[in-house]
>>> print(open('protein22.pdb').read())   # PDB, C-alpha atoms
ATOM      1  CA  MET A   1     101.191 113.685  71.465
ATOM      2  CA  MET A   2     102.540 110.522  73.056
ATOM      3  CA  THR A   3     100.747 109.308  76.184
ATOM      4  CA  ARG A   4     102.451 107.593  79.108
ATOM      5  CA  THR A   5     100.371 104.460  78.686
ATOM      6  CA  ALA A   6      99.310 102.963  75.375
ATOM      7  CA  ILE A   7      98.287  99.831  73.548
ATOM      8  CA  THR A   8      99.471 100.139  69.977
ATOM      9  CA  GLU A   9      99.973  98.184  66.764
ATOM     10  CA  SER A  10     102.945 100.407  65.915
ATOM     11  CA  VAL A  11     106.627  99.647  66.484
ATOM     12  CA  LEU A  12     107.648 100.664  70.016
ATOM     13  CA  ASP A  13     110.137 103.488  70.532
ATOM     14  CA  VAL A  14     111.807 103.191  73.923
ATOM     15  CA  ALA A  15     114.010 106.259  73.335
ATOM     16  CA  ALA A  16     110.882 108.372  72.847
ATOM     17  CA  LEU A  17     109.416 106.891  76.051
ATOM     18  CA  ALA A  18     112.593 107.801  77.941
ATOM     19  CA  ARG A  19     112.346 111.395  76.687
ATOM     20  CA  LEU A  20     108.694 111.470  77.745
ATOM     21  CA  VAL A  21     109.463 110.643  81.387
ATOM     22  CA  GLU A  22     112.770 112.442  81.955
ATOM     23  CA  GLY A  23     112.943 115.803  83.702
ATOM     24  CA  PRO A  24     115.517 118.168  85.239
ATOM     25  CA  GLY A  25     115.154 116.602  88.708
ATOM     26  CA  HIS A  26     115.876 113.118  87.433
ATOM     27  CA  GLY A  27     119.300 111.564  87.780
ATOM     28  CA  ALA A  28     118.234 108.263  86.231
ATOM     29  CA  VAL A  29     116.028 106.761  83.572
ATOM     30  CA  ALA A  30     115.751 102.969  83.525
ATOM     31  CA  THR A  31     114.192 101.343  80.476
ATOM     32  CA  PHE A  32     112.997  97.827  79.793
ATOM     33  CA  LEU A  33     112.140  96.150  76.493
ATOM     34  CA  GLY A  34     110.391  92.788  76.291
ATOM     35  CA  LEU A  35     111.348  90.994  73.057
ATOM     36  CA  VAL A  36     109.862  88.120  71.081
ATOM     37  CA  ARG A  37     112.145  85.128  71.691
ATOM     38  CA  ASP A  38     112.744  82.359  69.127
ATOM     39  CA  HIS A  39     112.122  79.535  71.596
ATOM     40  CA  ASN A  40     109.724  78.716  74.420
ATOM     41  CA  GLN A  41     109.483  75.531  76.473
ATOM     42  CA  GLY A  42     111.377  73.526  73.872
ATOM     43  CA  ARG A  43     109.376  74.884  70.938
ATOM     44  CA  ARG A  44     110.936  76.790  68.028
ATOM     45  CA  VAL A  45     108.842  79.938  67.935
ATOM     46  CA  THR A  46     108.262  81.566  64.527
ATOM     47  CA  HIS A  47     106.235  84.615  65.629
ATOM     48  CA  LEU A  48     103.670  85.833  68.156
ATOM     49  CA  VAL A  49     100.301  87.513  67.774
ATOM     50  CA  TYR A  50      99.217  89.677  70.718
ATOM     51  CA  GLU A  51      95.548  90.348  71.394
ATOM     52  CA  ALA A  52      94.285  92.941  73.893
ATOM     53  CA  TYR A  53      90.980  94.091  75.328
ATOM     54  CA  GLU A  54      92.185  97.536  74.490
ATOM     55  CA  PRO A  55      90.191 100.019  76.607
ATOM     56  CA  MET A  56      90.559  97.779  79.633
ATOM     57  CA  ALA A  57      94.251  97.145  78.983
ATOM     58  CA  VAL A  58      94.923 100.896  78.938
ATOM     59  CA  LYS A  59      93.068 101.231  82.254
ATOM     60  CA  ALA A  60      95.153  98.404  83.723
ATOM     61  CA  LEU A  61      98.366 100.118  82.584
ATOM     62  CA  ASP A  62      97.109 103.358  84.166
ATOM     63  CA  ARG A  63      96.448 101.422  87.344
ATOM     64  CA  ILE A  64     100.033 100.112  87.377
ATOM     65  CA  VAL A  65     101.316 103.680  86.981
ATOM     66  CA  ARG A  66      99.121 104.761  89.937
ATOM     67  CA  GLU A  67     100.337 101.857  92.075
ATOM     68  CA  ALA A  68     103.971 102.625  91.278
ATOM     69  CA  THR A  69     103.497 106.317  92.001
ATOM     70  CA  GLU A  70     101.869 105.535  95.363
ATOM     71  CA  ARG A  71     104.898 103.493  96.404
ATOM     72  CA  TRP A  72     107.547 105.623  94.637
ATOM     73  CA  PRO A  73     106.111 109.169  94.519
ATOM     74  CA  SER A  74     109.138 110.737  92.822
ATOM     75  CA  VAL A  75     109.133 108.322  89.866
ATOM     76  CA  VAL A  76     107.631 109.078  86.450
ATOM     77  CA  LEU A  77     106.625 105.906  84.578
ATOM     78  CA  ALA A  78     105.547 105.213  80.997
ATOM     79  CA  VAL A  79     104.461 101.852  79.566
ATOM     80  CA  HIS A  80     103.539 100.966  75.985
ATOM     81  CA  HIS A  81     102.438  97.479  74.911
ATOM     82  CA  ARG A  82     102.171  96.307  71.349
ATOM     83  CA  THR A  83      99.472  94.166  69.737
ATOM     84  CA  GLY A  84      99.188  92.285  66.452
ATOM     85  CA  ARG A  85     101.760  90.098  64.741
ATOM     86  CA  LEU A  86     105.347  90.415  65.994
ATOM     87  CA  ALA A  87     108.438  88.821  64.460
ATOM     88  CA  ILE A  88     111.309  87.329  66.458
ATOM     89  CA  GLY A  89     113.380  90.125  68.017
ATOM     90  CA  GLU A  90     110.632  92.738  67.935
ATOM     91  CA  ALA A  91     109.680  94.529  71.154
ATOM     92  CA  SER A  92     106.286  93.655  72.628
ATOM     93  CA  VAL A  93     106.521  95.950  75.641
ATOM     94  CA  ALA A  94     108.529  99.104  76.415
ATOM     95  CA  ILE A  95     108.853 100.651  79.873
ATOM     96  CA  ALA A  96     110.659 103.808  80.978
ATOM     97  CA  ALA A  97     110.952 104.996  84.575
ATOM     98  CA  ALA A  98     112.639 108.262  85.583
ATOM     99  CA  SER A  99     113.593 109.146  89.137
ATOM    100  CA  PRO A 100     116.018 111.317  91.104
ATOM    101  CA  HIS A 101     118.162 108.240  91.911
ATOM    102  CA  ARG A 102     118.809 104.997  90.040
ATOM    103  CA  ALA A 103     117.519 102.493  92.598
ATOM    104  CA  ASP A 104     113.912 103.647  92.281
ATOM    105  CA  ALA A 105     114.071 103.783  88.479
ATOM    106  CA  PHE A 106     115.242 100.157  88.310
ATOM    107  CA  ALA A 107     112.683  99.048  90.898
ATOM    108  CA  VAL A 108     109.750 100.691  89.134
ATOM    109  CA  CYS A 109     110.716  99.179  85.776
ATOM    110  CA  ARG A 110     110.714  95.746  87.382
ATOM    111  CA  TYR A 111     107.487  96.371  89.268
ATOM    112  CA  ALA A 112     105.753  97.462  86.061
ATOM    113  CA  ILE A 113     106.684  94.372  84.049
ATOM    114  CA  GLU A 114     105.715  92.012  86.888
ATOM    115  CA  ARG A 115     102.320  93.705  87.259
ATOM    116  CA  ILE A 116     101.748  93.712  83.482
ATOM    117  CA  LYS A 117     102.050  89.940  83.543
ATOM    118  CA  GLN A 118      99.531  89.770  86.393
ATOM    119  CA  ILE A 119      96.694  92.145  85.541
ATOM    120  CA  VAL A 120      96.736  93.549  81.991
ATOM    121  CA  PRO A 121      94.185  91.884  79.667
ATOM    122  CA  ILE A 122      96.588  90.962  76.865
ATOM    123  CA  TRP A 123      97.169  87.473  75.474
ATOM    124  CA  LYS A 124      99.946  85.969  73.363
ATOM    125  CA  HIS A 125      99.204  83.490  70.639
ATOM    126  CA  GLU A 126     102.417  81.595  70.031
ATOM    127  CA  TYR A 127     103.142  80.173  66.578
ATOM    128  CA  PHE A 128     105.902  77.589  66.504
ATOM    129  CA  GLU A 129     107.261  74.969  64.136
ATOM    130  CA  GLY A 130     104.494  72.371  64.029
ATOM    131  CA  GLY A 131     101.610  74.290  65.555
ATOM    132  CA  ASP A 132     100.312  77.156  67.642
ATOM    133  CA  THR A 133      99.044  77.686  71.177
ATOM    134  CA  TRP A 134      97.557  80.397  73.365
ATOM    135  CA  ILE A 135      99.802  81.222  76.310
ATOM    136  CA  GLU A 136      97.799  81.435  79.531
ATOM    137  CA  GLY A 137      99.604  82.931  82.501
ATOM    138  CA  ALA A 138      98.027  84.545  85.535
ATOM    139  CA  THR A 139      94.359  84.721  86.495
ATOM    140  CA  ALA A 140      93.936  88.484  86.437
ATOM    141  CA  ASP A 141      92.740  90.008  89.709
ATOM    142  CA  PRO A 142      93.944  93.544  90.438
ATOM    143  CA  ASP A 143      92.620  93.292  94.009
ATOM    144  CA  ASP A 144      94.763  90.244  94.785
ATOM    145  CA  ALA A 145      96.993  91.836  97.439
ATOM    146  CA  GLU A 146      99.294  88.821  97.541
ATOM    147  CA  ALA A 147     100.108  89.127  93.817
ATOM    148  CA  ARG A 148     100.781  92.841  94.217
ATOM    149  CA  GLU A 149     103.076  92.184  97.185
ATOM    150  CA  ARG A 150     104.906  89.535  95.167
ATOM    151  CA  ALA A 151     105.548  92.083  92.391
ATOM    152  CA  MET A 152     106.728  94.560  95.021
ATOM    153  CA  ARG A 153     109.128  92.022  96.574
ATOM    154  CA  ILE A 154     110.631  91.156  93.170
ATOM    155  CA  ALA A 155     110.992  94.866  92.359
ATOM    156  CA  CYS A 156     112.808  95.581  95.609
ATOM    157  CA  ALA A 157     115.004  92.475  95.648
TER     158      ALA A 157
ATOM    159  CA  MET B   1      67.447  92.664  78.888
ATOM    160  CA  ARG B   2      70.240  92.525  76.381
ATOM    161  CA  VAL B   3      73.979  92.445  77.056
ATOM    162  CA  THR B   4      77.057  92.263  74.851
ATOM    163  CA  VAL B   5      79.524  89.494  75.677
ATOM    164  CA  ARG B   6      83.192  89.950  74.787
ATOM    165  CA  LEU B   7      85.475  86.932  74.476
ATOM    166  CA  PHE B   8      89.232  86.882  74.056
ATOM    167  CA  ALA B   9      92.067  84.579  73.030
ATOM    168  CA  ARG B  10      91.205  80.869  73.311
ATOM    169  CA  LEU B  11      87.695  81.636  74.597
ATOM    170  CA  ARG B  12      87.065  83.737  71.491
ATOM    171  CA  GLU B  13      88.122  80.817  69.325
ATOM    172  CA  LEU B  14      85.996  78.309  71.262
ATOM    173  CA  GLY B  15      82.991  80.634  71.062
ATOM    174  CA  GLY B  16      83.528  81.327  67.357
ATOM    175  CA  ALA B  17      83.237  85.109  67.834
ATOM    176  CA  GLY B  18      84.765  87.923  69.848
ATOM    177  CA  GLU B  19      81.425  89.551  70.460
ATOM    178  CA  LEU B  20      78.015  87.994  71.134
ATOM    179  CA  VAL B  21      74.695  89.588  72.024
ATOM    180  CA  ARG B  22      72.686  87.755  74.658
ATOM    181  CA  GLU B  23      69.212  88.118  76.149
ATOM    182  CA  VAL B  24      69.380  87.507  79.900
ATOM    183  CA  PRO B  25      66.694  87.715  82.594
ATOM    184  CA  ASP B  26      66.383  90.908  84.636
ATOM    185  CA  GLY B  27      68.434  90.691  87.814
ATOM    186  CA  SER B  28      71.132  88.521  86.193
ATOM    187  CA  THR B  29      74.669  88.527  87.481
ATOM    188  CA  VAL B  30      77.916  88.038  85.558
ATOM    189  CA  SER B  31      77.810  84.460  86.808
ATOM    190  CA  GLY B  32      74.371  83.946  85.250
ATOM    191  CA  VAL B  33      75.617  85.243  81.889
ATOM    192  CA  TRP B  34      78.576  82.850  82.118
ATOM    193  CA  GLN B  35      76.421  79.846  83.009
ATOM    194  CA  ALA B  36      74.221  80.504  79.953
ATOM    195  CA  LEU B  37      77.351  80.617  77.773
ATOM    196  CA  VAL B  38      78.612  77.329  79.205
ATOM    197  CA  ARG B  39      75.317  75.711  78.189
ATOM    198  CA  ASP B  40      75.947  76.867  74.607
ATOM    199  CA  PHE B  41      79.687  76.142  74.668
ATOM    200  CA  PRO B  42      80.414  73.246  77.052
ATOM    201  CA  ALA B  43      84.181  73.580  76.429
ATOM    202  CA  PHE B  44      84.044  76.909  78.309
ATOM    203  CA  ALA B  45      83.549  75.021  81.584
ATOM    204  CA  ALA B  46      87.265  74.177  81.784
ATOM    205  CA  TYR B  47      87.994  77.920  82.149
ATOM    206  CA  GLU B  48      85.848  78.401  85.224
ATOM    207  CA  PRO B  49      88.617  78.026  87.841
ATOM    208  CA  SER B  50      90.983  80.464  86.103
ATOM    209  CA  LEU B  51      88.606  83.013  84.628
ATOM    210  CA  SER B  52      88.382  86.767  85.267
ATOM    211  CA  CYS B  53      85.504  88.999  84.243
ATOM    212  CA  ALA B  54      84.798  92.640  83.534
ATOM    213  CA  VAL B  55      81.717  94.815  83.201
ATOM    214  CA  ASN B  56      82.042  97.797  80.855
ATOM    215  CA  ALA B  57      85.842  97.349  80.734
ATOM    216  CA  GLU B  58      86.303  97.410  84.527
ATOM    217  CA  TYR B  59      87.283  94.320  86.512
ATOM    218  CA  ALA B  60      84.210  92.847  88.198
ATOM    219  CA  LYS B  61      83.184  89.912  90.385
ATOM    220  CA  PHE B  62      81.014  87.030  89.228
ATOM    221  CA  LYS B  63      78.346  88.117  91.697
ATOM    222  CA  THR B  64      78.237  91.607  90.145
ATOM    223  CA  ALA B  65      74.742  92.455  88.832
ATOM    224  CA  VAL B  66      74.472  93.326  85.150
ATOM    225  CA  SER B  67      72.248  95.930  83.506
ATOM    226  CA  ASP B  68      70.671  96.284  80.093
ATOM    227  CA  GLY B  69      73.283  97.342  77.540
ATOM    228  CA  ASP B  70      76.292  96.280  79.618
ATOM    229  CA  GLU B  71      79.404  94.860  77.991
ATOM    230  CA  ILE B  72      80.429  91.708  79.869
ATOM    231  CA  ALA B  73      83.943  90.404  79.161
ATOM    232  CA  PHE B  74      85.334  86.994  80.079
ATOM    233  CA  LEU B  75      89.112  86.910  80.337
ATOM    234  CA  PRO B  76      91.233  83.751  80.219
ATOM    235  CA  PRO B  77      94.490  83.941  82.223
ATOM    236  CA  VAL B  78      96.487  86.849  80.818
ATOM    237  CA  SER B  79      99.904  86.616  79.154
ATOM    238  CA  GLY B  80     101.108  90.092  78.263
ATOM    239  CA  GLY B  81     104.718  91.204  78.459
TER     240      GLY B  81
END
>>> encode(input="protein22.pdb", output="structure tokens")
Amino acid sequence: MMTRTAITESVLDVAALARLVEGPGHGAVATFLGLVRDHNQGRRVTHLVYEAYEPMAVKALDRIVREATERWPSVVLAVHHRTGRLAIGEASVAIAAASPHRADAFAVCRYAIERIKQIVPIWKHEYFEGGDTWIEGATADPDDAEARERAMRIACA
Amino acid sequence: MRVTVRLFARLRELGGAGELVREVPDGSTVSGVWQALVRDFPAFAAYEPSLSCAVNAEYAKFKTAVSDGDEIAFLPPVSGG
């Protein structure tokens, strides 16, 4: 049985996520896939390795679903994030949001990916031609209201 | 009392392990556990301004008190997505 939030080493299936969230009252499902890109800041990326603090990462994904549902009560959201070694072109994150109308589905997809980058304890180790480096993004603080508002503004832009 | 320390990403590499067991005085806070680690691994100090922490897989504050058997995690800035 597929859960709405998951951290997994398996290949992501966005079509299955879309089926998981859709229902008869929904006129829209928006999906988002984050892919491993072959370049970053001038470096030629060969692959990425994702590491997660798994039980906490699942809780953070659940938190994002709760936040989204507070703001958009009619939306059903599912988020899966992958860990381990990923080749160029593979999906690292899959999001599906179903809602009665398209605007909310798009907004929730965007909100979810922005919040993932802020508060989910997952790290990318980038391997590129000539070396490797840990990518360090946001200092994670789920109670940072300003960060949450920023994600909300981007989602509703 | 005894706590388990979890380290991730670059911190895990600097510390040489993802999991450490540490004896800490009764009444310690997350901050106290961190300060003891910095004494063992001086390179950790650079992470202080950007670090997050968790107790038993829930986000916590550095002033949070820790108990015997707790799992204390130190999280470098995250980069999922």
>>> residues_around(input="protein22.pdb", residues="Asp38 of chain A", least_positions_apart="4", cutoff="6 Å", atoms="all atoms listed in the file", output="JSON, numbers by chain")
{"A": [44, 45, 88]}
>>> write_last_selection(input="protein22.pdb", atoms="C-alpha atoms", output="mmCIF file, in the frame of the given file")
data_model
loop_
_atom_site.group_PDB
_atom_site.id
_atom_site.type_symbol
_atom_site.label_atom_id
_atom_site.label_comp_id
_atom_site.auth_asym_id
_atom_site.auth_seq_id
_atom_site.Cartn_x
_atom_site.Cartn_y
_atom_site.Cartn_z
ATOM 1 C CA ARG A 44 110.936 76.790 68.028
ATOM 2 C CA VAL A 45 108.842 79.938 67.935
ATOM 3 C CA ILE A 88 111.309 87.329 66.458
#
>>> resolve_selection(input="protein22.pdb", expression="the PyMOL selection byres ((chain B) within 8 of (chain A))", output="VMD selection string")
chain B and resid 8 to 10 50 to 52 57 to 59 75 to 81
>>> resolve_selection(input="protein22.pdb", expression="the PyMOL selection byres ((chain B and resi 32-47) around 9)", output="PyMOL selection string")
chain B and resi 3+5+11+14-15+22+24-25+28-31+48-51+62-63+66+72+74+76-77
>>> closest_residue(input="protein22.pdb", among="A:His47, A:Arg63, A:His80, A:His39", to="Ala16 of chain A", atoms="all atoms listed in the file")
A:His80
>>> closest_residue(input="protein22.pdb", among="A:Asp144, A:Glu22, A:Glu126, A:Glu70", to="Ala98 of chain A", atoms="all atoms listed in the file")
A:Glu22
>>> axis_aligned_box(input="protein22.pdb", around="segment 31-36 of chain A", padding_each_side="5 Å", output="JSON")
{"center_x": 112.0, "center_y": 94.7, "center_z": 75.8, "size_x": 14.3, "size_y": 23.2, "size_z": 19.4}
>>> atom_distance(input="protein22.pdb", atom1="atom CA of Gly27 of chain A", atom2="atom CA of His101 of chain A")
5.4 Å
>>> atom_distance(input="protein22.pdb", atom1="atom CA of Arg85 of chain A", atom2="atom CA of Ala17 of chain B")
19.4 Å
>>> atom_distance(input="protein22.pdb", atom1="atom CA of Arg102 of chain A", atom2="atom CA of Val29 of chain A")
7.3 Å
>>> residues_near_point(input="protein22.pdb", point="(115.9, 113.4, 84.7)", cutoff="10 Å", atoms="only C-alpha atoms", output="VMD selection string")
chain A and resid 18 to 19 21 to 29 75 to 76 97 to 101
